[in-house]
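Below is one structure; the comments refer to it alone.
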Amino acid sequence: IKSLPLVYRGKVRDSYAVGEDKLLIVASDRISAFDVILDDPIPNKGKILTGLTDFWFKELDGIVPNHLTGIDPESVVAPEERDQVKGRAVVAKRLKPILVECVARGYLAGSGWKEYQQNGTVCGVKLPAGLKQSEKLPEPIFTPAAKAEAGHHDENVSYEQVVELVGPEIAEKIRDYTLRLYKKAADYAATKGIIIADTKFEFGLDENGTVVLMDEILTPDSSRFWPADQYKVGQSEPSFDKQFIRDWLETQPWNKKAPAPRAPAEILQK
Ligand code: C5P
């Protein structure tokens with residue numbers, strides 16, 4: 001997009017300024033996992049993820065305000081650029097991001113499973129002993145990660161560390177919203193034969209300090225989706241999301257040079 005100023009080029013999405021207080025966020029077809037952007041895009045991925053997010057914003061309406069303005073993305077770009085944003089962009093309120101990845105987990109997978117094997121907890125939440133990989137948790141849990149700077153891995157942190165980072169009021173709100181959004185989405189997906197094992201939300205603050213849900217939600221880039229009819233405790237496949245990309249990356253020798261993905265660390269204790 002040449003007709004608007006580029007504000008931020010993310011791993012998957014590009015954001016452009018629309019006036020002072022709005023952003024045009026365009027979902028590309030790029031695929032990224034951990035800190036790596038893969039060479040080959042997946043055609044139309046950005047459109048599918050935009051469609052899914054749009055569906056979930058409607059389905060989950062009423063829990064928390066979201067960043068959508070309702071402005072048609074095609075109306076804010078030059079006529080010759082309309083095809084580039086069609087079906088893959090939103091015009092969103094410009095927010096001050098809260099630098100916490102708000103993860104909800106209903107099942108034990110990914111970094112949750114890794115951490116649990118080390119010490120029986122995930123982000124400081126003590127779990128029952130003897131759980132197996134992919135096992136359903138007694139209750140969904142909030143397992144935040146602190147967003148690291150570009151090129152660094154996000155770090156799982158405890159709720160107390162989130163309180164230190166954003167204060168007790170915002171911490172409580174984002175935990176509460178995350179769990180309510182997850183539970184409602186998971187209940188809906190269950191009616192369609194899909195288990196949402198875990199997912200990640202991001203929030204920002206508007207000009208009044210209100211917590212607002214932003215970014216994409218409940219897509220295969222930010223969630224683990226498992227077919228209920230093939231679900232088995234102890235097994236992590238099949239997973240209808242980008243888990244296979246993460247698994248592949250972990251086997252790549254060049255990726256091993258980087259620190260272990262999302263290992264728990266002391267980022268907030270410096
Ligand atoms: O890797 P981990 O088990 O911590 O991921 C938990 C959930 O959060 C997964 O659904 C994953 O897709 C999502 N996530 C994300 N962005 C990150 C880290 C995790 O969307 N940077």
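Residues in the structure tokens are numbered from 1 in each chain, the chains being A, B, ... in the order shown, and ligands are numbered from 1 in the order shown.
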**Report entry** Residue contacts of A:Gln230 (12 Å, only C-alpha atoms) excluding same-chain residues fewer than 5 positions away, as JSON, numbers by chain
**Finding:** {"A": [193, 194, 195, 225, 235, 236, 237, 238, 239, 240]}
Write out as a PDB file with N, CA and C atoms, in the first residue's frame the residues lying within 8 Å of stretch 48-65 of chain A, counting only C-alpha atoms and excluding same-chain residues fewer than 4 positions away.
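Dumped to part_13.pdb:
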ATOM      1  N   ALA A  27      -3.631  -8.318   6.601  1.00  0.00           N
ATOM      2  CA  ALA A  27      -3.080  -9.654   6.883  1.00  0.00           C
ATOM      3  C   ALA A  27      -2.465 -10.195   5.592  1.00  0.00           C
ATOM      4  N   ASN A  44      -3.700 -16.913  -0.004  1.00  0.00           N
ATOM      5  CA  ASN A  44      -5.006 -16.578   0.604  1.00  0.00           C
ATOM      6  C   ASN A  44      -5.096 -16.809   2.100  1.00  0.00           C
ATOM      7  N   GLY A  87     -10.940  -8.289   1.622  1.00  0.00           N
ATOM      8  CA  GLY A  87     -11.090  -9.533   2.397  1.00  0.00           C
ATOM      9  C   GLY A  87      -9.950  -9.850   3.328  1.00  0.00           C
ATOM     10  N   ARG A  88      -8.914  -8.984   3.369  1.00  0.00           N
ATOM     11  CA  ARG A  88      -7.762  -9.329   4.205  1.00  0.00           C
ATOM     12  C   ARG A  88      -7.315  -8.162   5.089  1.00  0.00           C
ATOM     13  N   ALA A  89      -8.197  -7.190   5.288  1.00  0.00           N
ATOM     14  CA  ALA A  89      -7.779  -6.031   6.078  1.00  0.00           C
ATOM     15  C   ALA A  89      -8.927  -5.551   6.954  1.00  0.00           C
ATOM     16  N   TYR A 177     -11.132 -11.385  30.849  1.00  0.00           N
ATOM     17  CA  TYR A 177     -11.581 -11.381  29.451  1.00  0.00           C
ATOM     18  C   TYR A 177     -11.039 -12.603  28.712  1.00  0.00           C
ATOM     19  N   ARG A 180     -12.950 -15.713  29.704  1.00  0.00           N
ATOM     20  CA  ARG A 180     -14.348 -15.706  29.229  1.00  0.00           C
ATOM     21  C   ARG A 180     -14.413 -15.892  27.726  1.00  0.00           C
ATOM     22  N   LEU A 181     -13.528 -15.219  27.002  1.00  0.00           N
ATOM     23  CA  LEU A 181     -13.504 -15.362  25.537  1.00  0.00           C
ATOM     24  C   LEU A 181     -13.177 -16.808  25.161  1.00  0.00           C
ATOM     25  N   LYS A 184     -16.166 -19.249  25.939  1.00  0.00           N
ATOM     26  CA  LYS A 184     -17.297 -19.121  25.026  1.00  0.00           C
ATOM     27  C   LYS A 184     -16.935 -19.677  23.644  1.00  0.00           C
ATOM     28  N   ALA A 185     -15.738 -19.364  23.182  1.00  0.00           N
ATOM     29  CA  ALA A 185     -15.311 -19.864  21.871  1.00  0.00           C
ATOM     30  C   ALA A 185     -15.177 -21.387  21.896  1.00  0.00           C
ATOM     31  N   VAL A 211      -9.866  -1.112  28.290  1.00  0.00           N
ATOM     32  CA  VAL A 211      -9.204  -2.290  27.714  1.00  0.00           C
ATOM     33  C   VAL A 211     -10.003  -2.764  26.494  1.00  0.00           C
ATOM     34  N   VAL A 212      -9.332  -2.884  25.362  1.00  0.00           N
ATOM     35  CA  VAL A 212      -9.977  -3.236  24.097  1.00  0.00           C
ATOM     36  C   VAL A 212      -9.252  -4.450  23.491  1.00  0.00           C
ATOM     37  N   LEU A 213     -10.059  -5.385  22.986  1.00  0.00           N
ATOM     38  CA  LEU A 213      -9.507  -6.582  22.324  1.00  0.00           C
ATOM     39  C   LEU A 213      -9.028  -6.200  20.931  1.00  0.00           C
ATOM     40  N   GLU A 216      -5.858 -10.216  15.535  1.00  0.00           N
ATOM     41  CA  GLU A 216      -6.680 -11.318  15.034  1.00  0.00           C
ATOM     42  C   GLU A 216      -7.009 -12.214  16.228  1.00  0.00           C
ATOM     43  N   ILE A 217      -8.128 -12.871  16.174  1.00  0.00           N
ATOM     44  CA  ILE A 217      -8.483 -13.754  17.293  1.00  0.00           C
ATOM     45  C   ILE A 217      -8.923 -15.124  16.774  1.00  0.00           C
ATOM     46  N   LEU A 218      -8.568 -16.136  17.535  1.00  0.00           N
ATOM     47  CA  LEU A 218      -9.051 -17.495  17.313  1.00  0.00           C
ATOM     48  C   LEU A 218      -8.839 -17.988  15.888  1.00  0.00           C
ATOM     49  N   THR A 219      -7.637 -17.728  15.391  1.00  0.00           N
ATOM     50  CA  THR A 219      -7.237 -18.254  14.086  1.00  0.00           C
ATOM     51  C   THR A 219      -6.256 -19.408  14.302  1.00  0.00           C
ATOM     52  N   PRO A 220      -5.952 -20.142  13.232  1.00  0.00           N
ATOM     53  CA  PRO A 220      -4.954 -21.222  13.359  1.00  0.00           C
ATOM     54  C   PRO A 220      -3.536 -20.694  13.590  1.00  0.00           C
TER      55      PRO A 220
END
For chain A versus ligand 1, which residues have an atom no more than 8 Å away, and what is each residue's nearest atom pair and distance in Å rounded to one decimal, using only C-alpha atoms and all ligand atoms, chain-then-number order, as a Markdown table?
| residue | atom | partner | partner_atom_place_in_ligand_line | distance |
| --- | --- | --- | --- | --- |
| A:Ala33 | CA | ligand 1 | 21 (N) | 7.9 |
| A:Phe34 | CA | ligand 1 | 21 (N) | 6.7 |
| A:Glu101 | CA | ligand 1 | 17 (C) | 6.8 |
| A:Cys102 | CA | ligand 1 | 8 (O) | 7.9 |
| A:Val103 | CA | ligand 1 | 8 (O) | 5.3 |
| A:Ala104 | CA | ligand 1 | 7 (C) | 7.2 |
| A:Arg105 | CA | ligand 1 | 6 (C) | 7.2 |
| A:Ala109 | CA | ligand 1 | 3 (O) | 5.6 |
| A:Gly110 | CA | ligand 1 | 3 (O) | 3.4 |
| A:Ser111 | CA | ligand 1 | 3 (O) | 3.8 |
| A:Gly112 | CA | ligand 1 | 3 (O) | 5.2 |
| A:Trp113 | CA | ligand 1 | 3 (O) | 7.3 |
| A:Ala145 | CA | ligand 1 | 18 (C) | 7.6 |
| A:Lys147 | CA | ligand 1 | 21 (N) | 7.6 |
| A:His153 | CA | ligand 1 | 21 (N) | 7.8 |
| A:Asp154 | CA | ligand 1 | 21 (N) | 6.2 |
| A:Asn156 | CA | ligand 1 | 4 (O) | 7.2 |
| A:Ala197 | CA | ligand 1 | 10 (O) | 7.1 |
| A:Asp198 | CA | ligand 1 | 10 (O) | 4.5 |
| A:Thr199 | CA | ligand 1 | 10 (O) | 3.8 |
| A:Lys200 | CA | ligand 1 | 8 (O) | 4.5 |
| A:Phe201 | CA | ligand 1 | 20 (O) | 7.5 |
| A:Pro220 | CA | ligand 1 | 12 (O) | 7.0 |
| A:Asp221 | CA | ligand 1 | 12 (O) | 5.5 |
| A:Ser222 | CA | ligand 1 | 20 (O) | 3.2 |
| A:Ser223 | CA | ligand 1 | 10 (O) | 3.2 |
| A:Arg224 | CA | ligand 1 | 10 (O) | 4.6 |
| A:Asp241 | CA | ligand 1 | 12 (O) | 7.9 |
| A:Lys242 | CA | ligand 1 | 12 (O) | 7.5 |
| A:Gln243 | CA | ligand 1 | 12 (O) | 7.7 |
| A:Arg262 | CA | ligand 1 | 4 (O) | 6.9 |
Report summary line: Expressed in Å, the length from atom CA of A:Arg13 to atom CA of A:Ile25 is 6.6 Å
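Residue nearest A:Val166 within the list A:Pro140, A:Gly120, A:Pro97, A:Gly46: A:Pro97 [criterion: smallest interatomic distance, only C-alpha atoms].
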Query - Picked from stretch 37-265 of chain A by DSSP as strand (DSSP E), as a ChimeraX atom specification - result: /A:37,89-93,96-97,100-107,121-122,125-126,136-142,145-146,155-156,194-205,211-214,223-227
Restricting it to C-alpha atoms, dump the selection as a PDB file, in the first residue's frame.
ATOM      1  CA  ILE A  37       9.162 -16.012   8.793  1.00  0.00           C
ATOM      2  CA  ALA A  89      -7.779  -6.031   6.078  1.00  0.00           C
ATOM      3  CA  VAL A  90      -9.574  -4.118   8.814  1.00  0.00           C
ATOM      4  CA  VAL A  91      -9.678  -0.479   9.800  1.00  0.00           C
ATOM      5  CA  ALA A  92      -9.053  -0.558  13.532  1.00  0.00           C
ATOM      6  CA  LYS A  93      -8.844   1.949  16.350  1.00  0.00           C
ATOM      7  CA  LYS A  96      -1.723   1.533  23.066  1.00  0.00           C
ATOM      8  CA  PRO A  97      -0.807  -2.169  23.116  1.00  0.00           C
ATOM      9  CA  VAL A 100       1.236  -9.252  27.353  1.00  0.00           C
ATOM     10  CA  GLU A 101       0.300 -12.247  25.223  1.00  0.00           C
ATOM     11  CA  CYS A 102      -2.863 -13.407  26.944  1.00  0.00           C
ATOM     12  CA  VAL A 103      -2.963 -17.172  26.533  1.00  0.00           C
ATOM     13  CA  ALA A 104      -5.810 -19.371  27.749  1.00  0.00           C
ATOM     14  CA  ARG A 105      -5.269 -23.116  27.914  1.00  0.00           C
ATOM     15  CA  GLY A 106      -7.896 -25.781  28.315  1.00  0.00           C
ATOM     16  CA  TYR A 107      -5.479 -28.604  27.444  1.00  0.00           C
ATOM     17  CA  THR A 121       3.252 -25.670  36.964  1.00  0.00           C
ATOM     18  CA  VAL A 122       2.494 -23.442  33.990  1.00  0.00           C
ATOM     19  CA  VAL A 125      -0.267 -22.115  38.128  1.00  0.00           C
ATOM     20  CA  LYS A 126       0.072 -25.400  40.007  1.00  0.00           C
ATOM     21  CA  LYS A 136      -7.746 -31.682  29.430  1.00  0.00           C
ATOM     22  CA  LEU A 137      -7.135 -29.394  32.404  1.00  0.00           C
ATOM     23  CA  PRO A 138      -9.594 -29.393  35.313  1.00  0.00           C
ATOM     24  CA  GLU A 139     -10.335 -25.723  34.485  1.00  0.00           C
ATOM     25  CA  PRO A 140      -9.049 -23.445  31.703  1.00  0.00           C
ATOM     26  CA  ILE A 141      -6.052 -21.438  32.939  1.00  0.00           C
ATOM     27  CA  PHE A 142      -4.578 -18.025  32.096  1.00  0.00           C
ATOM     28  CA  ALA A 145       3.701 -14.390  28.169  1.00  0.00           C
ATOM     29  CA  ALA A 146       5.591 -11.099  28.131  1.00  0.00           C
ATOM     30  CA  GLU A 155       8.618 -15.510  27.783  1.00  0.00           C
ATOM     31  CA  ASN A 156       5.978 -17.256  29.841  1.00  0.00           C
ATOM     32  CA  ILE A 194     -13.429 -28.917  17.249  1.00  0.00           C
ATOM     33  CA  ILE A 195     -11.451 -28.698  20.476  1.00  0.00           C
ATOM     34  CA  ILE A 196      -9.759 -25.335  21.020  1.00  0.00           C
ATOM     35  CA  ALA A 197      -6.804 -26.561  23.059  1.00  0.00           C
ATOM     36  CA  ASP A 198      -5.427 -23.099  23.668  1.00  0.00           C
ATOM     37  CA  THR A 199      -5.435 -19.637  22.168  1.00  0.00           C
ATOM     38  CA  LYS A 200      -3.883 -16.222  22.513  1.00  0.00           C
ATOM     39  CA  PHE A 201      -5.485 -12.783  22.735  1.00  0.00           C
ATOM     40  CA  GLU A 202      -3.976  -9.321  22.704  1.00  0.00           C
ATOM     41  CA  PHE A 203      -5.447  -6.212  24.245  1.00  0.00           C
ATOM     42  CA  GLY A 204      -4.761  -2.492  24.080  1.00  0.00           C
ATOM     43  CA  LEU A 205      -5.893   0.659  25.829  1.00  0.00           C
ATOM     44  CA  VAL A 211      -9.204  -2.290  27.714  1.00  0.00           C
ATOM     45  CA  VAL A 212      -9.977  -3.236  24.097  1.00  0.00           C
ATOM     46  CA  LEU A 213      -9.507  -6.582  22.324  1.00  0.00           C
ATOM     47  CA  MET A 214      -7.314  -6.230  19.252  1.00  0.00           C
ATOM     48  CA  SER A 223      -4.758 -21.191  18.523  1.00  0.00           C
ATOM     49  CA  ARG A 224      -4.503 -24.956  18.586  1.00  0.00           C
ATOM     50  CA  PHE A 225      -7.540 -26.562  16.960  1.00  0.00           C
ATOM     51  CA  TRP A 226      -7.966 -30.304  17.381  1.00  0.00           C
ATOM     52  CA  PRO A 227     -10.594 -32.534  15.730  1.00  0.00           C
TER      53      PRO A 227
END
List every residue of stretch 18-151 of chain A that DSSP, applied to the backbone of this structure, places in alpha helix (DSSP H), and write the result as a PDB file with C-alpha atoms, in the first residue's frame.
ATOM      1  CA  LYS A  45      -4.001 -17.339   4.195  1.00  0.00           C
ATOM      2  CA  GLY A  46      -4.520 -13.676   5.100  1.00  0.00           C
ATOM      3  CA  LYS A  47      -8.062 -13.754   3.756  1.00  0.00           C
ATOM      4  CA  ILE A  48      -8.989 -16.904   5.634  1.00  0.00           C
ATOM      5  CA  LEU A  49      -7.588 -15.607   8.911  1.00  0.00           C
ATOM      6  CA  THR A  50      -9.354 -12.278   8.434  1.00  0.00           C
ATOM      7  CA  GLY A  51     -12.634 -14.120   7.809  1.00  0.00           C
ATOM      8  CA  LEU A  52     -12.201 -16.264  10.907  1.00  0.00           C
ATOM      9  CA  THR A  53     -11.379 -13.271  13.096  1.00  0.00           C
ATOM     10  CA  ASP A  54     -14.370 -11.423  11.763  1.00  0.00           C
ATOM     11  CA  PHE A  55     -16.611 -14.392  12.593  1.00  0.00           C
ATOM     12  CA  TRP A  56     -15.290 -14.631  16.162  1.00  0.00           C
ATOM     13  CA  PHE A  57     -15.572 -10.906  16.853  1.00  0.00           C
ATOM     14  CA  LYS A  58     -19.300 -11.222  16.052  1.00  0.00           C
ATOM     15  CA  GLU A  59     -19.745 -14.485  17.954  1.00  0.00           C
ATOM     16  CA  ARG A  82      -8.464  -2.066  -3.378  1.00  0.00           C
ATOM     17  CA  ASP A  83      -7.679  -5.589  -4.514  1.00  0.00           C
ATOM     18  CA  GLN A  84      -4.705  -5.714  -2.136  1.00  0.00           C
ATOM     19  CA  VAL A  85      -6.928  -5.164   0.921  1.00  0.00           C
ATOM     20  CA  GLY A 110       3.120 -26.604  23.554  1.00  0.00           C
ATOM     21  CA  SER A 111       5.060 -24.524  26.060  1.00  0.00           C
ATOM     22  CA  GLY A 112       2.443 -25.406  28.689  1.00  0.00           C
ATOM     23  CA  TRP A 113       3.275 -29.084  28.395  1.00  0.00           C
ATOM     24  CA  LYS A 114       7.029 -28.314  28.373  1.00  0.00           C
ATOM     25  CA  GLU A 115       6.848 -26.227  31.527  1.00  0.00           C
ATOM     26  CA  TYR A 116       4.579 -28.692  33.315  1.00  0.00           C
ATOM     27  CA  GLN A 117       7.055 -31.502  32.708  1.00  0.00           C
ATOM     28  CA  GLN A 118       9.790 -29.429  34.351  1.00  0.00           C
ATOM     29  CA  ASN A 119       8.026 -28.376  37.528  1.00  0.00           C
TER      30      ASN A 119
END
Query - Minimum-distance residue to A:Arg30, chosen among A:Cys123, A:Val12, A:Ala17, A:Ala171 (using only C-alpha atoms) - result: A:Val12
